[in-house]
Amino acid sequence: MDILGIDSLFAELTVGLGLAMAGGNAWAIIQNARGRGPDGAAGTYRAGRAWFFVVVGTIMAIWGILSLIQT
């Protein structure tokens with residue numbers, strides 16, 4: 001397995017994007033549970049959207065990892 005090879009670049013990007021999506025939204029869920037929000041942000045917190053992106057990000061990361069293992 002070549003770490004920076006063109007063949008595995010898409011899978012690596014998928015893993016990174018999936019982990020960032022899942023981690024960022026999980027962090028938003030945790031911060032909302034603690035009663036904290038971004039400074040100066042307008043709008044409401046949408047728990048359903050955050051959980052949806054955690055699930056989608058996790059699926060993307062798993063898909064990318066399995067693609068890396070396969071190559």
# chains A, B, ... in the order shown; residues from 1 in each chain; ligands from 1
>>> residues_around(residues="segment 37-53 of chain A", least_positions_apart="5", cutoff="8 Å", atoms="only C-alpha atoms", output="PDB file with N, CA and C atoms, in the first residue's frame")
ATOM      1  N   MET A  21     -16.330  15.124   9.302  1.00  0.00           N
ATOM      2  CA  MET A  21     -17.772  15.343   9.383  1.00  0.00           C
ATOM      3  C   MET A  21     -18.346  14.733  10.657  1.00  0.00           C
ATOM      4  N   ALA A  22     -17.960  13.494  10.941  1.00  0.00           N
ATOM      5  CA  ALA A  22     -18.472  12.815  12.130  1.00  0.00           C
ATOM      6  C   ALA A  22     -17.954  13.483  13.400  1.00  0.00           C
ATOM      7  N   ASN A  25     -19.464  17.185  13.999  1.00  0.00           N
ATOM      8  CA  ASN A  25     -20.867  17.180  14.427  1.00  0.00           C
ATOM      9  C   ASN A  25     -21.040  16.533  15.784  1.00  0.00           C
ATOM     10  N   ALA A  26     -20.214  15.534  16.096  1.00  0.00           N
ATOM     11  CA  ALA A  26     -20.260  14.959  17.442  1.00  0.00           C
ATOM     12  C   ALA A  26     -19.837  16.003  18.467  1.00  0.00           C
ATOM     13  N   ALA A  28     -20.243  19.227  18.140  1.00  0.00           N
ATOM     14  CA  ALA A  28     -21.363  20.165  18.247  1.00  0.00           C
ATOM     15  C   ALA A  28     -22.461  19.609  19.154  1.00  0.00           C
ATOM     16  N   ILE A  29     -22.717  18.312  19.071  1.00  0.00           N
ATOM     17  CA  ILE A  29     -23.719  17.687  19.935  1.00  0.00           C
ATOM     18  C   ILE A  29     -23.282  17.775  21.391  1.00  0.00           C
ATOM     19  N   GLN A  31     -21.151  19.938  22.769  1.00  0.00           N
ATOM     20  CA  GLN A  31     -21.159  21.319  23.232  1.00  0.00           C
ATOM     21  C   GLN A  31     -22.574  21.815  23.483  1.00  0.00           C
ATOM     22  N   ASN A  32     -23.524  21.397  22.664  1.00  0.00           N
ATOM     23  CA  ASN A  32     -24.912  21.789  22.892  1.00  0.00           C
ATOM     24  C   ASN A  32     -25.441  21.169  24.184  1.00  0.00           C
TER      25      ASN A  32
END
>>> residues_around(residues="segment 56-70 of chain A", least_positions_apart="5", cutoff="8 Å", atoms="only C-alpha atoms", output="list of chain:residue names")
A:Ser8, A:Ala11, A:Glu12, A:Leu13, A:Thr14, A:Val15, A:Gly16, A:Leu17, A:Gly18, A:Leu19, A:Ala20, A:Met21, A:Ala22
>>> closest_residue(among="A:Ile6, A:Ile30, A:Arg36, A:Gly23", to="Val55 of chain A", atoms="only C-alpha atoms")
A:Gly23
>>> select_by_dssp(residues="chain A", states="alpha helix (DSSP H)", output="number ranges by chain")
A: 6-33, 47-70
